[in-house]
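Enquirer: Structure incoming, see below.
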Amino acid sequence: MTSTQPEAFRRRSSRRTEILEDRPVNLDGFVEEWPEKGLVAMESEFDPRPSVRVEDGRIVELDGKGRGAFDFMDTFIANHAIDVETTEASMAIPSDEIARMLIDPNVSRRDVLAVSRGLTPAKILDVVKLMNVVEIMQGMQKMRARRTPANQGHSTSARDNPIQVAVDAAEGALRGFAELETTLGVLRYAPLVAIALQIGAQVGRGGVLTQCALEEATELELGMRGITAYAETISIYGTESVFVDGDDTPWSKAFLASAYASRGIKMRFTSGTGSEVQMGNAEGKSMLYLEIRCILMAKGAGVQGLQNGSISCIGVPGAMPGGIRAVAAENLVASMVDLECASGNDQSFSHSAMRRTARAMPQLLPGTDFVCSGYSGVPNLDNMFAGSNFDTDDYDDWNTIQRDMQVDGGLRHVREDEILEARDKAARALQALFAHLDLPAVTDDEVEAATYANSSNDYPLRDVLADLKGAQSVMDRGLTGLDLVKGLEATGFHDVAENLLTVLRQRVSGDLLQTSAILTPDFVPLSAINDANDYAGPGTGYRLQGERWEQLKKLRHVTSATNPETEVG
Amino acid sequence: MTTPAGDRTVSLREVGPARRGTREDEVVVAVSPAFAGHFTKTIVDVPHAEVLRQLLAGIEEQGVTARVIRVRDTADLAAIAHLGAKLSGSGIAVGVLSRGTTMLHQKDLPRLSNLELFPQSPLLDAEVFRKIGSNAAQYAKGESPEPVPTRNDQMARPRWQAKAALLHLKEFECIEADRGPVEVEPAFELSPA
């Protein structure tokens with residue numbers, strides 16, 4: 001070969017290269033690492049080395065820093081997240097031994113927690129850095145807090161149309177989401193859309209929990225009024241500078257968390273790899289190290305759970321080498337410190353269907369508390385969280401993957417007649433309730449459209465100004481969840497009223513404050529207390545079998561073995 | 001790297017410290033530390049020459065004059081645009097980052113507020129920059145133009161989010177902490193075919 005040859009081959013491309021260039025994966029963005037600035041997933045020589053020192057019952061050194069040099073994250077973690085009694089013993093255990101404990105079925109979840117509660121952020125990083133994705137999944141299978149995995153859905157509308165949100169919530173609830181979340185394009189629409197989500201969810205399947213992502217004060221108010229049932233979008237960050245940019249501190253977030261707890265309302269924080277470097281303030285630390293600081297901060301604040309898995313910054317770790325491994329690791333770390341983990345898979349991630357699927361495997365295969373912290377229960381064009389990794393077009397694929405692998409991703413195939421019945425009922429319940437509460441009317445045409453619609457384009461346009469006035473009146477009149485119950489009862493939707501009332505009563509018992517709590521169709525709280533993950537190797541823990549497995553064997557088209565000329569289902 | 005034939009380039013010649021303008025019919029275009037310097041194009045390869053040409057044309061077609069300054073001590077778009085507005089005779093400025101993110105600001109607004117913000121840099125093309133320039137000029141004349149329609153693309157995240165973070169970090173590297181804003185004269189050139 002002469003040195004001029006490579007130059008000659010740059011002039012034209014092969015047909016194969018042209019085909020590869022056109023593949024969707026090449027629309028995704030990929031960048032090189034820059035560890036000095038924190039543009040690195042989880043392996044950086046600039047991350048601190050693990051260390052801890054305790055004096056007089058107080059942590060005086062954390063990961064190479066003396067207390068005098070602590071920033072407020074270090075202080076919060078040292079004071080509230082790490083068990084001072086056990087930290088020196090836990091930190092003395094070699095990292096590879098702790099990593100082995102995580103994957104060894106003979107070591108119980110409880111035994112791992114006894115160690116992990118004494119670990120510093122750098123030590124936890126040191127442990128998970130030893131694990132490949134299969135080991136991370138094996139760890140997740142055991143460390144997930146709730147034995148039974150679940151899934152969460154989004155129900156939103158590009159036009160903030162409350163009827164769409166209600167019927168897609170009803171369908172989503174029927175298909176299996178244990179939690180449903182909405183948010184808005186026009187924030188002032190929130191009260192109407194939050195009501196619609198709640199009604200739709202309780203029509204689809206009693207006991208589904210709902211929330212409306214908003215700025216923190218309004219989100220809290222809707223929760224306190226019983227219009228929503230939980231909260232999730234309370235964001236935390238891994239560096240002091242990013243926290244301060246948002247006019248927050250770990251203490252202000254902990255205060256907000258206690259406001260929810262005081263009313264028996266379930267809540268979790270949100271964080272994820274990439275947010276700090278995205279905002280230009282990673283302080284030269286890897287994405288996963290900073291995320292582990294967030295996880296311990298959440299632990300220290302006393303919240304029961306965390307939504308993580310990069311979330312809205314998924315494009316950043318997604319572009320880095322090993323980035324999706326780091327995302328899987330951050331989910332595992334949340335679980336290994338005994339937090340509920342709502343594990344991402346909730347934002348548009350890739351142009352490639354193969355990459356979208358592969359990205360979800362580390363959560364779907366071992367199971368997490370919520371495999372998606374927002375599977376889009378509406379077409380992505382209607383997804384006001386800026387698109388999810390999966391949407392309604394993917395329902396049949398998701399169900400098929402569950403059936404192929406015999407794993408429970410929280411959803412199931414539902415026959416169309418049942419879906420149409422639920423959608424129709426949700427629209428009619430909302431119509432009746434709005435009329436009863438003197439809110440803007442829902443017409444029969446809208447009910448009809450909602451029953452058969454796919455996206456917001458299939459609905460008659462609403463009078464937006466009238467809706468916004470109605471939304472404001474919900475706030476001005478001080479309407480609460482109980483008013484919704486009364487309205488449903490008065491208009492003949494007794495079963496929906498009963499469902500909503502039973503959900504509201506949970507805040508009195510406080511059972512939904514337990515780690516990883518969801519409600520079964522019988523309104524039994526299922527949490528890490530009464531449904532603790534007891535995985536101890538093959539044949540133990542959650543197994544997809546019995547009645548649930550029979551449900552998941554059903555798909556849209558399955559040929560009958562008895563009569564191959566027909567389909568079952 | 002080769003430049004396609006006939007591409008327009010721009011260099012910004014420093015002509016002295018940026019001062020407060022006295023003409024009420026001017027808009028300041030305030031560019032970031034690395035604009036048309038360390039960087040030559042936006043995140044989606046719109047040449048900075050084209051960005052500037054469209055902004056200036058949009059301003060001038062409204063009969064308003066334009067002055068360009070470079071801010072050197074910050075890469076925070078709100079700070080750049082607000083500083084530009086305070087130096088602008090009309091109190092109106094367009095702030096632009098190297099990756100293309102753009103903001104219209106007015107001197108009496110709080111720094112963290114703005115007249116119009118165009119946060120999704122991958123969606124800004126020549127046509128949008130021209131409309132932004134035109135709107136800036138209309139604000140300068142005391143008019144209330146329709147805001148330039150903002151675009152949205154859900155797949156911008158997987159394609160551009162990490163590159164945006166990288167460009168942000170690079171722009172930060174170009175900050176010169178103790179140096180004030182400087183007035184610049186754009187010199188456009190057509191690169192040879």
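We label chains A, B, ... in the order they appear in the structure tokens, count residues from 1 in each chain, and number ligands from 1 in the order shown.
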Using only C-alpha atoms, find each residue in chain A having at least one atom no more than 10 Å away from chain B; report its shortest atom-to-atom pair and that distance in Å (one decimal), rows by chain then rising number, as JSON lines.
Expert:
{"residue": "A:Val25", "atom": "CA", "partner": "B:Arg159", "partner_atom": "CA", "distance": 9.6}
{"residue": "A:Asn26", "atom": "CA", "partner": "B:Arg159", "partner_atom": "CA", "distance": 8.9}
{"residue": "A:Leu27", "atom": "CA", "partner": "B:Arg159", "partner_atom": "CA", "distance": 6.1}
{"residue": "A:Asp28", "atom": "CA", "partner": "B:Arg159", "partner_atom": "CA", "distance": 4.3}
{"residue": "A:Gly29", "atom": "CA", "partner": "B:Arg159", "partner_atom": "CA", "distance": 4.2}
{"residue": "A:Phe30", "atom": "CA", "partner": "B:Ala162", "partner_atom": "CA", "distance": 7.2}
{"residue": "A:Val31", "atom": "CA", "partner": "B:Lys163", "partner_atom": "CA", "distance": 6.6}
{"residue": "A:Glu32", "atom": "CA", "partner": "B:Leu166", "partner_atom": "CA", "distance": 9.2}
{"residue": "A:Glu33", "atom": "CA", "partner": "B:Leu166", "partner_atom": "CA", "distance": 9.4}
{"residue": "A:Trp34", "atom": "CA", "partner": "B:Leu166", "partner_atom": "CA", "distance": 8.6}
{"residue": "A:Lys37", "atom": "CA", "partner": "B:Leu169", "partner_atom": "CA", "distance": 7.4}
{"residue": "A:Gly38", "atom": "CA", "partner": "B:Leu169", "partner_atom": "CA", "distance": 9.7}
{"residue": "A:Leu39", "atom": "CA", "partner": "B:Leu166", "partner_atom": "CA", "distance": 7.7}
{"residue": "A:Gly274", "atom": "CA", "partner": "B:Ala162", "partner_atom": "CA", "distance": 8.8}
{"residue": "A:Ser275", "atom": "CA", "partner": "B:Ala165", "partner_atom": "CA", "distance": 9.7}
{"residue": "A:Glu276", "atom": "CA", "partner": "B:Ala165", "partner_atom": "CA", "distance": 9.8}
{"residue": "A:Val277", "atom": "CA", "partner": "B:Ala165", "partner_atom": "CA", "distance": 6.7}
{"residue": "A:Gln278", "atom": "CA", "partner": "B:Ala165", "partner_atom": "CA", "distance": 4.9}
{"residue": "A:Met279", "atom": "CA", "partner": "B:Ala165", "partner_atom": "CA", "distance": 7.4}
{"residue": "A:Gly280", "atom": "CA", "partner": "B:Leu169", "partner_atom": "CA", "distance": 6.1}
{"residue": "A:Asn281", "atom": "CA", "partner": "B:Leu169", "partner_atom": "CA", "distance": 9.1}
{"residue": "A:Ser312", "atom": "CA", "partner": "B:Arg157", "partner_atom": "CA", "distance": 8.6}
{"residue": "A:Cys313", "atom": "CA", "partner": "B:Gln161", "partner_atom": "CA", "distance": 7.5}
{"residue": "A:Ile314", "atom": "CA", "partner": "B:Pro158", "partner_atom": "CA", "distance": 7.6}
{"residue": "A:Gly315", "atom": "CA", "partner": "B:Pro158", "partner_atom": "CA", "distance": 4.7}
{"residue": "A:Val316", "atom": "CA", "partner": "B:Ala162", "partner_atom": "CA", "distance": 4.3}
{"residue": "A:Pro317", "atom": "CA", "partner": "B:Ala162", "partner_atom": "CA", "distance": 7.7}
{"residue": "A:Gly318", "atom": "CA", "partner": "B:Pro158", "partner_atom": "CA", "distance": 7.5}
{"residue": "A:Ala319", "atom": "CA", "partner": "B:Ala162", "partner_atom": "CA", "distance": 6.1}
{"residue": "A:Met320", "atom": "CA", "partner": "B:Ala162", "partner_atom": "CA", "distance": 8.2}
{"residue": "A:Gln347", "atom": "CA", "partner": "B:Arg157", "partner_atom": "CA", "distance": 8.9}
{"residue": "A:Ser348", "atom": "CA", "partner": "B:Met155", "partner_atom": "CA", "distance": 6.5}
{"residue": "A:Phe349", "atom": "CA", "partner": "B:Pro158", "partner_atom": "CA", "distance": 5.2}
{"residue": "A:Ser350", "atom": "CA", "partner": "B:Pro158", "partner_atom": "CA", "distance": 5.4}
{"residue": "A:His351", "atom": "CA", "partner": "B:Met155", "partner_atom": "CA", "distance": 7.2}
{"residue": "A:Asn380", "atom": "CA", "partner": "B:Gln154", "partner_atom": "CA", "distance": 8.4}
{"residue": "A:Leu381", "atom": "CA", "partner": "B:Gln154", "partner_atom": "CA", "distance": 8.2}
{"residue": "A:Asn383", "atom": "CA", "partner": "B:Gln154", "partner_atom": "CA", "distance": 9.2}
{"residue": "A:Met384", "atom": "CA", "partner": "B:Gln154", "partner_atom": "CA", "distance": 9.7}
{"residue": "A:Phe385", "atom": "CA", "partner": "B:Gln154", "partner_atom": "CA", "distance": 9.3}
{"residue": "A:Ala386", "atom": "CA", "partner": "B:Gln154", "partner_atom": "CA", "distance": 5.5}
{"residue": "A:Gly387", "atom": "CA", "partner": "B:Gln154", "partner_atom": "CA", "distance": 5.8}
{"residue": "A:Ser388", "atom": "CA", "partner": "B:Gln154", "partner_atom": "CA", "distance": 8.9}
Enquirer: Selection from above, C-alpha atoms, as a PDB file, in the first residue's frame, can you write it?
Expert:
ATOM      1  CA  VAL A  25     -29.193   5.203  14.348  1.00  0.00           C
ATOM      2  CA  ASN A  26     -27.034   7.668  12.436  1.00  0.00           C
ATOM      3  CA  LEU A  27     -29.466  10.448  13.252  1.00  0.00           C
ATOM      4  CA  ASP A  28     -28.489  10.020  16.906  1.00  0.00           C
ATOM      5  CA  GLY A  29     -25.684  12.139  18.327  1.00  0.00           C
ATOM      6  CA  PHE A  30     -22.478  10.697  19.771  1.00  0.00           C
ATOM      7  CA  VAL A  31     -19.590  12.616  21.319  1.00  0.00           C
ATOM      8  CA  GLU A  32     -16.151  11.897  22.644  1.00  0.00           C
ATOM      9  CA  GLU A  33     -15.427  11.935  26.367  1.00  0.00           C
ATOM     10  CA  TRP A  34     -13.979  15.002  28.116  1.00  0.00           C
ATOM     11  CA  LYS A  37     -15.258  18.760  32.404  1.00  0.00           C
ATOM     12  CA  GLY A  38     -17.404  15.867  33.573  1.00  0.00           C
ATOM     13  CA  LEU A  39     -18.382  14.773  30.073  1.00  0.00           C
ATOM     14  CA  GLY A 274     -26.009  14.240  32.729  1.00  0.00           C
ATOM     15  CA  SER A 275     -28.006  17.077  34.264  1.00  0.00           C
ATOM     16  CA  GLU A 276     -25.004  18.775  35.866  1.00  0.00           C
ATOM     17  CA  VAL A 277     -22.750  18.670  32.807  1.00  0.00           C
ATOM     18  CA  GLN A 278     -25.701  19.756  30.676  1.00  0.00           C
ATOM     19  CA  MET A 279     -25.886  22.881  32.828  1.00  0.00           C
ATOM     20  CA  GLY A 280     -22.118  23.365  32.629  1.00  0.00           C
ATOM     21  CA  ASN A 281     -21.469  22.800  36.336  1.00  0.00           C
ATOM     22  CA  SER A 312     -34.691  14.420  30.533  1.00  0.00           C
ATOM     23  CA  CYS A 313     -30.896  14.410  30.018  1.00  0.00           C
ATOM     24  CA  ILE A 314     -30.789  10.926  28.455  1.00  0.00           C
ATOM     25  CA  GLY A 315     -29.280  12.394  25.279  1.00  0.00           C
ATOM     26  CA  VAL A 316     -26.098  13.155  27.219  1.00  0.00           C
ATOM     27  CA  PRO A 317     -25.174   9.733  28.680  1.00  0.00           C
ATOM     28  CA  GLY A 318     -26.757   8.217  25.551  1.00  0.00           C
ATOM     29  CA  ALA A 319     -24.039   9.911  23.498  1.00  0.00           C
ATOM     30  CA  MET A 320     -21.154   8.738  25.717  1.00  0.00           C
ATOM     31  CA  GLN A 347     -37.966  10.360  27.260  1.00  0.00           C
ATOM     32  CA  SER A 348     -37.326  10.255  23.530  1.00  0.00           C
ATOM     33  CA  PHE A 349     -33.973   8.510  23.394  1.00  0.00           C
ATOM     34  CA  SER A 350     -33.092   7.339  19.913  1.00  0.00           C
ATOM     35  CA  HIS A 351     -34.178   7.349  16.284  1.00  0.00           C
ATOM     36  CA  ASN A 380     -45.555  10.838  21.179  1.00  0.00           C
ATOM     37  CA  LEU A 381     -46.825  13.845  19.232  1.00  0.00           C
ATOM     38  CA  ASN A 383     -46.523  13.751  24.814  1.00  0.00           C
ATOM     39  CA  MET A 384     -45.984  16.988  26.712  1.00  0.00           C
ATOM     40  CA  PHE A 385     -42.954  15.547  28.516  1.00  0.00           C
ATOM     41  CA  ALA A 386     -41.208  15.995  25.129  1.00  0.00           C
ATOM     42  CA  GLY A 387     -41.740  12.413  24.012  1.00  0.00           C
ATOM     43  CA  SER A 388     -41.077   9.079  25.703  1.00  0.00           C
TER      44      SER A 388
END
Enquirer: Near segment 46-54 of chain B, within 9 Å and counting only C-alpha atoms, which residues show up once chain neighbours fewer than 3 positions away are dropped, as a ChimeraX atom specification?
Expert: /B:7-11,29,35-36,39-43,57-59,98,100,124-133,186,188-189
Enquirer: Output C-alpha atoms of each residue in that selection to a file, as a PDB file, in the first residue's frame.
Expert:
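Printed below is out-v1.pdb as written:
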ATOM      1  CA  ASP B   7     -19.463  30.050   1.651  1.00  0.00           C
ATOM      2  CA  ARG B   8     -19.578  33.396   3.360  1.00  0.00           C
ATOM      3  CA  THR B   9     -17.227  33.872   6.307  1.00  0.00           C
ATOM      4  CA  VAL B  10     -17.089  36.687   8.800  1.00  0.00           C
ATOM      5  CA  SER B  11     -14.390  38.052  11.034  1.00  0.00           C
ATOM      6  CA  VAL B  29     -26.360  42.407  18.516  1.00  0.00           C
ATOM      7  CA  PHE B  35     -18.821  33.453  18.230  1.00  0.00           C
ATOM      8  CA  ALA B  36     -17.119  33.954  14.860  1.00  0.00           C
ATOM      9  CA  PHE B  39     -16.309  28.672  16.472  1.00  0.00           C
ATOM     10  CA  THR B  40     -17.467  29.468  12.947  1.00  0.00           C
ATOM     11  CA  LYS B  41     -20.931  27.864  12.787  1.00  0.00           C
ATOM     12  CA  THR B  42     -23.907  26.894  14.932  1.00  0.00           C
ATOM     13  CA  ILE B  43     -24.716  23.419  16.237  1.00  0.00           C
ATOM     14  CA  ALA B  57     -30.638  42.373   7.404  1.00  0.00           C
ATOM     15  CA  GLY B  58     -33.714  41.771   9.543  1.00  0.00           C
ATOM     16  CA  ILE B  59     -32.906  44.835  11.631  1.00  0.00           C
ATOM     17  CA  SER B  98     -21.993  30.247  19.293  1.00  0.00           C
ATOM     18  CA  GLY B 100     -27.079  29.413  17.939  1.00  0.00           C
ATOM     19  CA  LEU B 124     -32.757  27.909  14.228  1.00  0.00           C
ATOM     20  CA  ASP B 125     -32.027  28.531  10.558  1.00  0.00           C
ATOM     21  CA  ALA B 126     -31.348  31.577   8.395  1.00  0.00           C
ATOM     22  CA  GLU B 127     -35.044  32.393   8.059  1.00  0.00           C
ATOM     23  CA  VAL B 128     -35.610  32.387  11.820  1.00  0.00           C
ATOM     24  CA  PHE B 129     -32.559  34.601  12.421  1.00  0.00           C
ATOM     25  CA  ARG B 130     -33.915  37.117   9.929  1.00  0.00           C
ATOM     26  CA  LYS B 131     -37.284  37.205  11.719  1.00  0.00           C
ATOM     27  CA  ILE B 132     -35.540  37.622  15.055  1.00  0.00           C
ATOM     28  CA  GLY B 133     -33.630  40.615  13.672  1.00  0.00           C
ATOM     29  CA  PRO B 186     -18.046  42.450  11.000  1.00  0.00           C
ATOM     30  CA  PHE B 188     -17.843  39.503   5.498  1.00  0.00           C
ATOM     31  CA  GLU B 189     -15.943  37.627   2.857  1.00  0.00           C
TER      32      GLU B 189
END
Enquirer: List as CSV every residue of segment 106-192 of chain A that is in contact with segment 506-528 of chain A, defined as an atom at most 8 Å from one of its atoms (using only C-alpha atoms), together with the nearest atom pair and the distance in Å rounded to one decimal, sorted by chain and then rising number.
Expert:
residue,atom,partner,partner_atom,distance
A:Ala145,CA,A:Ala528,CA,5.4
A:Arg146,CA,A:Ala528,CA,4.7
A:Arg147,CA,A:Ala528,CA,7.3
A:Ala178,CA,A:Ile518,CA,6.6
A:Glu179,CA,A:Ile518,CA,7.8
Enquirer: Running DSSP on the backbone, which parts of segment 42-266 of chain A land in alpha helix (DSSP H), as a PyMOL selection string?
Expert: chain A and resi 72-76+87-92+95-103+109-116+121-128+133-143+162-175+190-204+216-224+240-245+250-262
Enquirer: Near Ile195 of chain A, counting only C-alpha atoms, which residues have an atom at most 10 Å away, once you skip same-chain residues fewer than 6 positions from it, shown as a ChimeraX atom specification?
Expert: /A:162,165-166,201,210-212,222,226-228,430,433-434,471,474,480-481,484
Enquirer: As a PyMOL selection string, list the residues of segment 89-132 of chain B assigned to strand (DSSP E or B) by DSSP on the backbone atoms of this structure.
Expert: chain B and resi 92-96+102-106+116-118
Enquirer: As a ChimeraX atom specification, please: the residues near segment 60-66 of chain B (cut-off 12 Å, only C-alpha atoms, same-chain neighbours under 4 positions excluded).
Expert: /B:21-30,52-56,84,87-90,92-94,130-143,145,183-186
Enquirer: Do a neighbour search on Thr540 of chain A at 12 Å with only C-alpha atoms, toss out local chain neighbours closer than 2 positions, and write the hits as a PyMOL selection string.
Expert: chain A and resi 105-106+108+141-142+147+533-538+542-544
Enquirer: Excluding segment 392-395 of chain A and any residue of its chain fewer than 3 positions from it, enumerate the residues within 12 Å of it, using only C-alpha atoms, and give them as number ranges by chain.
Expert: A: 153-155, 168-169, 171-172, 175-177, 353, 356-357, 374-383, 387-389, 398-402, 409-414, 454-455, 555-556
Enquirer: Export, as an mmCIF file, in the first residue's frame, the selected residues with C-alpha atoms.
Expert:
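Output saved as part-v3.cif:
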data_model
loop_
_atom_site.group_PDB
_atom_site.id
_atom_site.type_symbol
_atom_site.label_atom_id
_atom_site.label_comp_id
_atom_site.auth_asym_id
_atom_site.auth_seq_id
_atom_site.Cartn_x
_atom_site.Cartn_y
_atom_site.Cartn_z
ATOM 1 C CA GLY A 153 -47.658 5.857 32.045
ATOM 2 C CA HIS A 154 -47.969 9.404 30.718
ATOM 3 C CA SER A 155 -51.327 10.803 29.654
ATOM 4 C CA ASP A 168 -56.101 7.766 27.422
ATOM 5 C CA ALA A 169 -55.678 7.478 31.195
ATOM 6 C CA GLU A 171 -57.084 2.951 28.525
ATOM 7 C CA GLY A 172 -53.645 3.102 30.155
ATOM 8 C CA ARG A 175 -53.671 -1.926 30.133
ATOM 9 C CA GLY A 176 -51.859 -2.038 33.460
ATOM 10 C CA PHE A 177 -50.110 1.186 34.487
ATOM 11 C CA ALA A 353 -35.998 1.149 17.324
ATOM 12 C CA ARG A 356 -34.745 2.171 22.081
ATOM 13 C CA THR A 357 -35.415 -1.463 22.944
ATOM 14 C CA GLY A 374 -43.442 7.416 31.950
ATOM 15 C CA TYR A 375 -44.320 5.085 29.082
ATOM 16 C CA SER A 376 -46.289 7.359 26.787
ATOM 17 C CA GLY A 377 -49.952 6.360 26.983
ATOM 18 C CA VAL A 378 -50.595 8.810 24.139
ATOM 19 C CA PRO A 379 -48.887 9.061 20.727
ATOM 20 C CA ASN A 380 -45.555 10.838 21.179
ATOM 21 C CA LEU A 381 -46.825 13.845 19.232
ATOM 22 C CA ASP A 382 -49.173 14.413 22.183
ATOM 23 C CA ASN A 383 -46.523 13.751 24.814
ATOM 24 C CA GLY A 387 -41.740 12.413 24.012
ATOM 25 C CA SER A 388 -41.077 9.079 25.703
ATOM 26 C CA ASN A 389 -38.897 6.108 24.780
ATOM 27 C CA TRP A 398 -44.076 -4.333 24.445
ATOM 28 C CA ASN A 399 -46.695 -7.013 25.078
ATOM 29 C CA THR A 400 -44.953 -9.355 22.666
ATOM 30 C CA ILE A 401 -41.552 -8.846 24.317
ATOM 31 C CA GLN A 402 -43.129 -9.631 27.711
ATOM 32 C CA GLY A 409 -43.271 -5.173 32.237
ATOM 33 C CA GLY A 410 -46.502 -4.153 33.896
ATOM 34 C CA LEU A 411 -48.742 -4.048 30.791
ATOM 35 C CA ARG A 412 -51.066 -6.521 29.074
ATOM 36 C CA HIS A 413 -53.029 -6.872 25.877
ATOM 37 C CA VAL A 414 -56.653 -5.795 26.265
ATOM 38 C CA ASN A 454 -55.778 8.053 18.521
ATOM 39 C CA SER A 455 -54.305 11.543 18.917
ATOM 40 C CA LEU A 555 -51.743 -10.838 22.096
ATOM 41 C CA ARG A 556 -53.737 -9.190 19.356
#
Enquirer: Using only C-alpha atoms for the distances, tell me which of A:Glu221, A:Glu181, A:Asp126, A:Glu216 is nearest to Lys253 of chain A.
Expert: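 Of A:Glu221, A:Glu181, A:Asp126, A:Glu216, the one nearest Lys253 of chain A is A:Glu216, counting only C-alpha atoms.
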Enquirer: For a test of reading the model, state the distance in Å between atom CA of Tyr260 of chain A and atom CA of Ser343 of chain A, rounded to one decimal.
Expert: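 Value for the atom CA of Tyr260 of chain A-atom CA of Ser343 of chain A distance: 21.6 Å.
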Enquirer: Using only C-alpha atoms, which residues sit within 8 Å of Thr120 of chain A once same-chain residues fewer than 5 positions away are excluded, as a JSON list (two decimals) with N, CA and C atoms, in the first residue's frame?
Expert:
[["chain", "number", "residue", "atom", "x", "y", "z"],
["A", 50, "PRO", "N", -12.61, 6.82, 47.59],
["A", 50, "PRO", "CA", -13.45, 6.61, 48.77],
["A", 50, "PRO", "C", -12.67, 6.76, 50.09],
["A", 51, "SER", "N", -13.26, 7.43, 51.05],
["A", 51, "SER", "CA", -12.71, 7.45, 52.41],
["A", 51, "SER", "C", -13.78, 7.96, 53.36],
["A", 52, "VAL", "N", -13.64, 7.58, 54.63],
["A", 52, "VAL", "CA", -14.52, 8.13, 55.64],
["A", 52, "VAL", "C", -13.77, 8.14, 56.96],
["A", 62, "LEU", "N", -15.03, 12.82, 54.29],
["A", 62, "LEU", "CA", -15.86, 12.11, 53.33],
["A", 62, "LEU", "C", -15.15, 12.14, 51.98],
["A", 63, "ASP", "N", -14.81, 10.96, 51.48],
["A", 63, "ASP", "CA", -14.20, 10.84, 50.15],
["A", 63, "ASP", "C", -13.05, 11.84, 49.95],
["A", 82, "ILE", "N", -25.64, 8.82, 55.57],
["A", 82, "ILE", "CA", -24.72, 7.71, 55.88],
["A", 82, "ILE", "C", -24.86, 7.34, 57.35],
["A", 91, "MET", "N", -17.11, 0.66, 55.03],
["A", 91, "MET", "CA", -16.10, 1.19, 54.12],
["A", 91, "MET", "C", -14.84, 0.32, 54.09]]
Enquirer: Find the residue from A:Gly207, A:Asp111, A:Arg15, A:Trp251 that sits nearest to Met73 of chain A; use only C-alpha atoms when measuring.
Expert: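 Ranked by minimum distance to Met73 of chain A, first place goes to A:Trp251.
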Enquirer: Nearest residue to Thr270 of chain A out of A:Ile236, A:Met361, A:Val107, A:Val127, using only C-alpha atoms?
Expert: A:Ile236
